[in-house]
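A.B. asks: I'd like to ask some things about the structure below.
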Amino acid sequence: MAQNSSIEWTEATWNPTTGCTKISPGCSHCYAERMAFRLRRMGQPRYRNAFRLTLQEDLVERPLHWKKPRLIFVNSMSDLFHVDVPAEFVQRCFNVMQQASQHVFQLLTKRPERAAEMAEKLCWSHNVWLGTSVESQRYTGRIAALRDIPAAVRFLSLEPLLGPIDPLPLDGIQWVIAGGESGPGARPMQPEWVRQIRDECTTMEVPFFFKQWGAFGPDGVRRSKKANGRELDGQVWNEMPSAAAEHRSSIPIVTPPLDRIR
């Protein structure tokens, strides 16, 4: 069975790689790193290397055996476009996603530049979404790289949101997720930062998903993530791209010529 997920914007996870390296402030208190070390202490063999990048070869074809259609977050514990993931391995994962057309695959990366470099060599089937993490204004350059990629849905994960992003470049973007940080060392998110993002999404008619306040509520008081909840100005924002329901429609599959694959 698929690994069911408690992440609000997906249904299951698939981790053909585990582990990563930190490249920007949003990585400072990485939940995946904490979990990886915890799983190693528990004796979980897949995390024998803790958070060092590891290819999980036997999991590459796992989605082919999941019959029930679902939203699948790819590499919740890693980044498929990490520089140390071989191009051939990335291509194998994309080929599996193309074959498992009953699912929607949600890839999230902090390395959209590498994704853009590889884009012509990958099969961008209609069920593959690609997003990038942008935690502050300083990292909006990732959005420009994302726009060059022919994914059916291009999305932004503004989590943890560590500062205002004004303006937020939304041309060519089909979905925005925003949320505050939780866990040890969490940094507070100011309500005006997320309101400005919501308002821009509303103006541009881009679906907006507010994931959580995190460790600090809109009043700046530290509580449990559950206690702070997910309401923004009295409303839960669960907007999703229309492609979530229509991913098996007529969006064309973009397949690279064989001579481009190496």
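Letters A, B, ... mark the chains of the structure tokens in the order given; residue numbers begin at 1 per chain; ligand numbers begin at 1, in order shown.
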Please produce, as CSV, a per-residue contact table for region 10-42 of chain A versus region 156-159 of chain A (criterion: any atom at most 12 Å away, only C-alpha atoms considered), showing the nearest atom pair and its distance in Å to one decimal, sorted by chain then residue number.
C.D. replies:
residue,atom,partner,partner_atom,distance
A:Pro25,CA,A:Glu159,CA,11.0
A:Gly26,CA,A:Glu159,CA,7.6
A:Cys27,CA,A:Glu159,CA,10.1
A:His29,CA,A:Glu159,CA,11.7
A:Cys30,CA,A:Glu159,CA,11.0
A:Tyr31,CA,A:Glu159,CA,11.8
A.B. asks: Could you pull out the strand (DSSP E or B) residues of region 115-228 of chain A from DSSP and send them as number ranges by chain?
C.D. replies: A: 124, 128-133, 153-158, 175-179, 208-212, 216, 222
A.B. asks: Please run DSSP on the backbone and report, as a list in words, all residues within region 80-129 of chain A that come out as helix (DSSP H, G or I).
C.D. replies: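 The helix (DSSP H, G or I) residues within region 80-129 of chain A come out as Ala87, Glu88, Phe89, Val90, Gln91, Arg92, Cys93, Phe94, Asn95, Val96, Met97, Gln98, Gln99, Pro112, Glu113, Arg114, Ala115, Ala116, Glu117, Met118, Ala119, Glu120 and Lys121 of chain A.
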A.B. asks: Produce a file of the selected residues containing N, CA and C atoms, as a short mmCIF file (atom, residue, chain, number, x, y, z; two decimals), in the first residue's frame.
C.D. replies:
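See selection-v1.cif below for the written result:
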data_model
loop_
_atom_site.label_atom_id
_atom_site.label_comp_id
_atom_site.auth_asym_id
_atom_site.auth_seq_id
_atom_site.Cartn_x
_atom_site.Cartn_y
_atom_site.Cartn_z
N ALA A 87 21.16 11.44 -13.13
CA ALA A 87 20.13 11.76 -14.12
C ALA A 87 19.35 10.53 -14.53
N GLU A 88 20.05 9.39 -14.67
CA GLU A 88 19.36 8.16 -15.08
C GLU A 88 18.32 7.74 -14.05
N PHE A 89 18.60 7.96 -12.79
CA PHE A 89 17.66 7.59 -11.73
C PHE A 89 16.43 8.51 -11.78
N VAL A 90 16.64 9.79 -12.00
CA VAL A 90 15.53 10.73 -12.14
C VAL A 90 14.65 10.30 -13.31
N GLN A 91 15.26 9.94 -14.43
CA GLN A 91 14.51 9.52 -15.61
C GLN A 91 13.68 8.28 -15.32
N ARG A 92 14.22 7.33 -14.58
CA ARG A 92 13.48 6.13 -14.22
C ARG A 92 12.24 6.48 -13.41
N CYS A 93 12.40 7.41 -12.47
CA CYS A 93 11.25 7.82 -11.65
C CYS A 93 10.19 8.49 -12.51
N PHE A 94 10.60 9.31 -13.45
CA PHE A 94 9.64 9.97 -14.34
C PHE A 94 8.94 8.95 -15.24
N ASN A 95 9.66 7.95 -15.69
CA ASN A 95 9.03 6.92 -16.51
C ASN A 95 7.96 6.17 -15.72
N VAL A 96 8.23 5.92 -14.44
CA VAL A 96 7.23 5.26 -13.59
C VAL A 96 6.01 6.15 -13.42
N MET A 97 6.22 7.44 -13.22
CA MET A 97 5.09 8.35 -13.06
C MET A 97 4.23 8.39 -14.32
N GLN A 98 4.88 8.33 -15.47
CA GLN A 98 4.13 8.30 -16.73
C GLN A 98 3.29 7.03 -16.81
N GLN A 99 3.86 5.90 -16.43
CA GLN A 99 3.13 4.64 -16.50
C GLN A 99 1.99 4.57 -15.49
N PRO A 112 15.03 24.02 -8.64
CA PRO A 112 14.36 24.03 -9.94
C PRO A 112 15.31 24.29 -11.10
N GLU A 113 16.48 24.86 -10.82
CA GLU A 113 17.46 25.09 -11.89
C GLU A 113 17.91 23.76 -12.50
N ARG A 114 18.14 22.78 -11.65
CA ARG A 114 18.53 21.46 -12.19
C ARG A 114 17.36 20.82 -12.93
N ALA A 115 16.16 20.99 -12.38
CA ALA A 115 14.98 20.46 -13.07
C ALA A 115 14.84 21.06 -14.46
N ALA A 116 15.09 22.36 -14.57
CA ALA A 116 14.99 23.03 -15.87
C ALA A 116 16.06 22.52 -16.83
N GLU A 117 17.26 22.27 -16.31
CA GLU A 117 18.34 21.76 -17.16
C GLU A 117 18.01 20.36 -17.70
N MET A 118 17.29 19.57 -16.91
CA MET A 118 16.97 18.20 -17.30
C MET A 118 15.64 18.09 -18.03
N ALA A 119 14.88 19.16 -18.10
CA ALA A 119 13.48 19.09 -18.54
C ALA A 119 13.30 18.40 -19.88
N GLU A 120 14.17 18.68 -20.84
CA GLU A 120 14.01 18.11 -22.18
C GLU A 120 14.27 16.61 -22.21
N LYS A 121 14.87 16.08 -21.16
CA LYS A 121 15.20 14.65 -21.14
C LYS A 121 14.19 13.85 -20.32
#
A.B. asks: What lies within 8 Å of Trp129 (chain A) using only C-alpha atoms, ignoring chain neighbours under 3 positions off, as a list in words?
C.D. replies: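 Within the cut-off, the hits are Val104, Phe105, Gln106, Leu107, Ala151, Ala152, Val153, Arg154 and Phe155 of chain A.
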A.B. asks: Residues as selected, N, CA and C atoms, written as a CSV table (one decimal), in the first residue's frame, can you do that?
C.D. replies:
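Here's the written file selection.csv:
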chain,number,residue,atom,x,y,z
A,104,VAL,N,-1.8,11.3,-9.4
A,104,VAL,CA,-1.1,12.6,-9.6
A,104,VAL,C,0.1,12.7,-8.7
A,105,PHE,N,1.2,13.0,-9.3
A,105,PHE,CA,2.5,13.1,-8.6
A,105,PHE,C,2.9,14.5,-8.4
A,106,GLN,N,3.1,14.9,-7.1
A,106,GLN,CA,3.4,16.2,-6.7
A,106,GLN,C,4.9,16.3,-6.3
A,107,LEU,N,5.8,16.8,-7.2
A,107,LEU,CA,7.2,16.9,-6.9
A,107,LEU,C,7.4,18.3,-6.3
A,151,ALA,N,5.7,21.3,-16.8
A,151,ALA,CA,4.8,20.5,-15.9
A,151,ALA,C,3.4,20.9,-16.1
A,152,ALA,N,2.5,19.9,-16.0
A,152,ALA,CA,1.0,20.2,-16.1
A,152,ALA,C,0.6,21.2,-15.1
A,153,VAL,N,1.1,21.2,-13.9
A,153,VAL,CA,0.8,22.2,-12.9
A,153,VAL,C,2.2,22.6,-12.3
A,154,ARG,N,2.4,23.9,-12.2
A,154,ARG,CA,3.6,24.4,-11.6
A,154,ARG,C,3.1,25.1,-10.3
A,155,PHE,N,3.7,24.8,-9.2
A,155,PHE,CA,3.1,25.3,-7.9
A,155,PHE,C,4.3,25.8,-7.0
A.B. asks: With only C-alpha atoms as the counted atoms, please give the residues lying no more than 7 Å from region 224-229 of chain A, apart from itself and same-chain residues fewer than 2 positions off, as an NGL selection string.
C.D. replies: :A and (182 or 212-217 or 231)
A.B. asks: Please, what distance in Å, to one decimal, runs between CA of Ser242 (chain A) and CA of Thr109 (chain A)?
C.D. replies: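 Result for CA of Ser242 (chain A) versus CA of Thr109 (chain A): 21.7 Å, one decimal.
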A.B. asks: Give me the residues near Asp166 (chain A) as number ranges by chain, where near means some atom within 8 Å (using only C-alpha atoms) and where sequence neighbours in that chain fewer than 5 positions away do not count.
C.D. replies: A: 137, 196-197
A.B. asks: Smallest atom-to-atom distance to Met240 (chain A): which of A:Lys110, A:Gly43, A:Leu71, A:Leu168, using only C-alpha atoms?
C.D. replies: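 Nearest to Met240 (chain A): A:Leu71.
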